[in-house]
>>> print(open('query.cif').read())   # mmCIF, C-alpha atoms
data_run
#
loop_
_atom_site.label_atom_id
_atom_site.label_comp_id
_atom_site.auth_asym_id
_atom_site.auth_seq_id
_atom_site.Cartn_x
_atom_site.Cartn_y
_atom_site.Cartn_z
CA MET A 1330 9.91 -49.34 -23.22
CA ALA A 1331 13.31 -50.21 -24.71
CA LYS A 1332 16.34 -48.38 -23.36
CA GLY A 1333 16.92 -45.13 -25.23
CA LYS A 1334 13.53 -45.22 -26.94
CA SER A 1335 11.47 -42.07 -26.51
CA CYS A 1336 7.76 -42.20 -25.78
CA TRP A 1337 7.22 -39.18 -28.05
CA GLY A 1338 8.01 -41.19 -31.18
CA ASP A 1339 6.09 -44.28 -30.12
CA PRO A 1340 2.68 -44.55 -31.87
CA ASP A 1341 1.23 -46.28 -28.78
CA CYS A 1342 1.88 -43.22 -26.62
CA HIS A 1343 -0.28 -40.11 -26.83
CA LEU A 1344 0.09 -36.96 -24.72
CA VAL A 1345 -3.19 -35.35 -23.72
CA SER A 1346 -2.90 -31.85 -22.27
CA HIS A 1347 -4.63 -31.47 -18.93
CA ILE A 1348 -7.06 -28.53 -18.87
CA GLY A 1349 -9.89 -29.81 -16.68
CA PRO A 1350 -10.65 -28.81 -13.08
CA LEU A 1351 -9.11 -31.88 -11.41
CA THR A 1352 -5.47 -32.27 -10.41
CA ASN A 1353 -3.41 -35.24 -11.53
CA ASP A 1354 -3.75 -36.69 -8.01
CA ASP A 1355 -7.55 -36.35 -8.24
CA ILE A 1356 -7.55 -38.06 -11.63
CA ALA A 1357 -5.45 -40.94 -10.31
CA GLU A 1358 -8.16 -41.69 -7.72
CA LEU A 1359 -11.04 -41.92 -10.22
CA SER A 1360 -12.57 -45.28 -11.16
CA ASP A 1361 -12.36 -46.29 -14.82
CA ALA A 1362 -15.99 -45.24 -15.39
CA GLU A 1363 -15.43 -41.88 -13.66
CA LEU A 1364 -12.24 -41.29 -15.63
CA GLU A 1365 -13.98 -42.03 -18.94
CA ARG A 1366 -16.81 -39.64 -18.03
CA TYR A 1367 -14.31 -36.94 -16.99
CA LEU A 1368 -12.25 -37.33 -20.17
CA THR A 1369 -15.36 -37.23 -22.33
CA GLN A 1370 -16.75 -34.13 -20.60
CA ASN A 1371 -13.46 -32.29 -21.03
CA GLY A 1372 -13.00 -33.21 -24.69
CA TYR A 1373 -9.97 -35.45 -24.22
CA LEU A 1374 -11.45 -38.47 -25.98
CA GLU A 1375 -12.83 -36.45 -28.90
CA GLU A 1376 -9.43 -35.87 -30.46
CA LYS A 1377 -8.88 -39.64 -30.69
CA ARG A 1378 -12.41 -40.55 -31.86
CA LEU A 1379 -12.51 -42.08 -35.31
CA TYR A 1380 -15.19 -41.53 -37.91
CA ARG A 1381 -15.93 -43.47 -41.09
CA ALA A 1382 -18.28 -43.22 -44.02
CA ASN A 1383 -21.42 -45.30 -43.57
CA PRO A 1384 -21.05 -48.15 -46.09
CA ASP A 1385 -24.83 -48.08 -46.66
CA PHE A 1386 -24.36 -44.84 -48.63
CA ILE A 1387 -22.76 -44.34 -52.02
CA VAL A 1388 -21.65 -41.00 -53.37
CA ARG A 1389 -22.42 -40.12 -56.97
CA LYS A 1390 -21.94 -37.07 -59.13
CA ILE A 1391 -25.19 -36.30 -60.92
CA ALA A 1392 -25.91 -33.15 -62.94
CA GLY A 1393 -22.99 -31.32 -61.33
CA GLU A 1394 -24.04 -32.21 -57.78
CA THR A 1395 -22.39 -34.66 -55.41
CA LEU A 1396 -25.05 -36.80 -53.77
CA ALA A 1397 -24.85 -39.31 -50.91
CA VAL A 1398 -27.46 -41.91 -51.81
CA PRO A 1399 -28.70 -44.41 -49.22
CA THR A 1400 -28.61 -48.11 -50.05
CA GLY A 1401 -29.48 -51.24 -48.10
CA THR A 1402 -30.92 -50.61 -44.65
CA ALA A 1403 -30.19 -46.86 -44.92
CA ALA A 1404 -32.60 -46.64 -47.86
CA HIS A 1405 -35.41 -47.88 -45.60
CA GLU A 1406 -34.59 -45.28 -42.93
CA LEU A 1407 -33.94 -42.26 -45.17
CA ASN A 1408 -36.01 -41.72 -48.27
CA ALA A 1409 -33.80 -38.94 -49.66
CA ALA A 1410 -30.38 -38.21 -51.09
CA ILE A 1411 -28.03 -35.76 -49.38
CA ILE A 1412 -26.24 -33.10 -51.42
CA LEU A 1413 -22.60 -32.64 -50.42
CA THR A 1414 -20.69 -29.41 -50.93
CA GLU A 1415 -17.24 -29.56 -52.48
CA GLY A 1416 -15.69 -29.62 -49.00
CA GLY A 1417 -18.20 -32.20 -47.81
CA ALA A 1418 -17.34 -34.40 -50.79
CA LEU A 1419 -13.64 -34.14 -49.92
CA LEU A 1420 -14.34 -35.16 -46.31
CA TRP A 1421 -16.56 -38.04 -47.49
CA ASP A 1422 -13.78 -39.24 -49.78
CA CYS A 1423 -11.33 -39.26 -46.85
CA LEU A 1424 -13.83 -41.08 -44.63
CA SER A 1425 -14.63 -43.67 -47.31
CA ARG A 1426 -10.94 -44.58 -47.69
CA SER A 1427 -10.18 -45.16 -44.00
CA PRO A 1428 -11.33 -44.11 -40.52
CA GLN A 1429 -10.34 -40.52 -39.72
CA THR A 1430 -10.03 -38.28 -36.67
CA ARG A 1431 -11.22 -34.68 -36.65
CA ALA A 1432 -7.58 -33.63 -36.94
CA ASP A 1433 -7.11 -35.85 -40.01
CA LEU A 1434 -10.13 -34.29 -41.69
CA SER A 1435 -9.10 -30.78 -40.70
CA GLY A 1436 -5.67 -31.39 -42.20
CA ALA A 1437 -7.24 -32.52 -45.48
CA LEU A 1438 -9.26 -29.29 -45.69
CA GLN A 1439 -6.18 -27.20 -44.86
CA ARG A 1440 -4.04 -28.89 -47.53
CA THR A 1441 -6.74 -28.75 -50.21
CA TYR A 1442 -8.21 -25.30 -49.62
CA ASP A 1443 -5.36 -23.45 -47.88
CA VAL A 1444 -7.55 -22.47 -44.90
CA ASP A 1445 -6.35 -21.74 -41.38
CA PRO A 1446 -6.57 -24.49 -38.72
CA GLU A 1447 -9.44 -22.80 -36.82
CA THR A 1448 -11.63 -22.50 -39.92
CA ALA A 1449 -10.89 -26.08 -40.96
CA ALA A 1450 -11.68 -27.40 -37.45
CA ARG A 1451 -14.95 -25.44 -37.35
CA ASP A 1452 -15.96 -26.71 -40.81
CA VAL A 1453 -15.13 -30.31 -39.87
CA SER A 1454 -17.20 -30.00 -36.68
CA ARG A 1455 -20.20 -28.69 -38.62
CA PHE A 1456 -19.87 -31.39 -41.26
CA LEU A 1457 -19.58 -34.20 -38.70
CA GLU A 1458 -22.51 -32.89 -36.65
CA LYS A 1459 -24.76 -32.96 -39.72
CA ALA A 1460 -23.31 -36.11 -41.30
CA VAL A 1461 -23.46 -38.17 -38.11
CA GLY A 1462 -26.96 -36.81 -37.46
CA GLU A 1463 -28.12 -37.89 -40.92
CA GLY A 1464 -26.38 -41.25 -40.58
CA ILE A 1465 -24.02 -40.91 -43.55
CA VAL A 1466 -20.99 -40.91 -41.20
CA CYS A 1467 -20.51 -43.25 -38.24
CA GLN A 1468 -18.52 -42.75 -35.06
CA MET A 1469 -16.30 -45.69 -34.26
#
>>> encode(input="query.cif", output="structure tokens")
Amino acid sequence: MAKGKSCWGDPDCHLVSHIGPLTNDDIAELSDAELERYLTQNGYLEEKRLYRANPDFIVRKIAGETLAVPTGTAAHELNAAIILTEGGALLWDCLSRSPQTRADLSGALQRTYDVDPETAARDVSRFLEKAVGEGIVCQM
């Protein structure tokens, strides 16, 4: 790191709060595979995980409804369209523009609908659980 340059402003540096049962010394002794498993189990990697819209789906407004319609290989796997709520359509739009983290999506809901961070985070989690499960959103 260059002299006088702070890690806090460097986009390559990310502070992850430690809340798991192991001490820093314990963590230092873990193998890479053990560390990845530990970080995953304690939610550390989730905040950095990126999601994107599945390019095999298109979103269309039809008769006042916003539908995610499968195309290509997705059309062979899912013989249905998925109706998106207004909030779901906003999240889809974000995900179709560029990969997003849960925090990115939560921020979009907060800015658009003036909801508190906890409600936005809960709504994003529910949307991603369903959308990833249906295959319209992919984890990267």
>>> closest_residue(input="query.cif", among="A:Arg1381, A:Phe1386, A:Ser1454, A:Leu1438", to="His1405 in chain A", atoms="all atoms listed in the file")
A:Phe1386
>>> closest_residue(input="query.cif", among="A:Leu1413, A:Leu1379, A:Ala1404, A:Leu1434", to="Ile1391 in chain A", atoms="all atoms listed in the file")
A:Leu1413
>>> residues_around(input="query.cif", residues="Ala1449 in chain A", least_positions_apart="2", cutoff="8 Å", atoms="only C-alpha atoms", output="NGL selection string")
:A and (1435-1436 or 1438-1439 or 1444-1447 or 1451-1453)
>>> write_last_selection(input="query.cif", atoms="C-alpha atoms", output="PDB file, in the frame of the given file")
ATOM      1  CA  SER A1435      -9.100 -30.780 -40.700  1.00  0.00           C
ATOM      2  CA  GLY A1436      -5.670 -31.390 -42.200  1.00  0.00           C
ATOM      3  CA  LEU A1438      -9.260 -29.290 -45.690  1.00  0.00           C
ATOM      4  CA  GLN A1439      -6.180 -27.200 -44.860  1.00  0.00           C
ATOM      5  CA  VAL A1444      -7.550 -22.470 -44.900  1.00  0.00           C
ATOM      6  CA  ASP A1445      -6.350 -21.740 -41.380  1.00  0.00           C
ATOM      7  CA  PRO A1446      -6.570 -24.490 -38.720  1.00  0.00           C
ATOM      8  CA  GLU A1447      -9.440 -22.800 -36.820  1.00  0.00           C
ATOM      9  CA  ARG A1451     -14.950 -25.440 -37.350  1.00  0.00           C
ATOM     10  CA  ASP A1452     -15.960 -26.710 -40.810  1.00  0.00           C
ATOM     11  CA  VAL A1453     -15.130 -30.310 -39.870  1.00  0.00           C
TER      12      VAL A1453
END
>>> atom_distance(input="query.cif", atom1="CA of Met1469 in chain A", atom2="CA of Gly1401 in chain A")
19.9 Å
>>> residues_around(input="query.cif", residues="range 1424-1430 of chain A", least_positions_apart="5", cutoff="9 Å", atoms="only C-alpha atoms", output="PyMOL selection string")
chain A and resi 1375-1384+1419+1435+1466+1469
>>> closest_residue(input="query.cif", among="A:Ala1357, A:Cys1423, A:Ala1397, A:Ile1387", to="Ile1411 in chain A", atoms="only C-alpha atoms")
A:Ala1397
>>> atom_distance(input="query.cif", atom1="CA of Trp1421 in chain A", atom2="CA of Gln1370 in chain A")
27.2 Å
>>> atom_distance(input="query.cif", atom1="CA of Gly1416 in chain A", atom2="CA of Tyr1442 in chain A")
8.7 Å
>>> closest_residue(input="query.cif", among="A:Glu1458, A:Arg1366, A:Asp1385, A:Asp1355", to="Glu1406 in chain A", atoms="only C-alpha atoms")
A:Asp1385
>>> closest_residue(input="query.cif", among="A:Gln1468, A:Ser1360, A:Thr1369, A:Thr1352", to="Arg1431 in chain A", atoms="all atoms listed in the file")
A:Gln1468
>>> closest_residue(input="query.cif", among="A:Ala1437, A:Leu1364, A:Ala1450, A:Ala1403", to="Ala1418 in chain A", atoms="all atoms listed in the file")
A:Ala1437
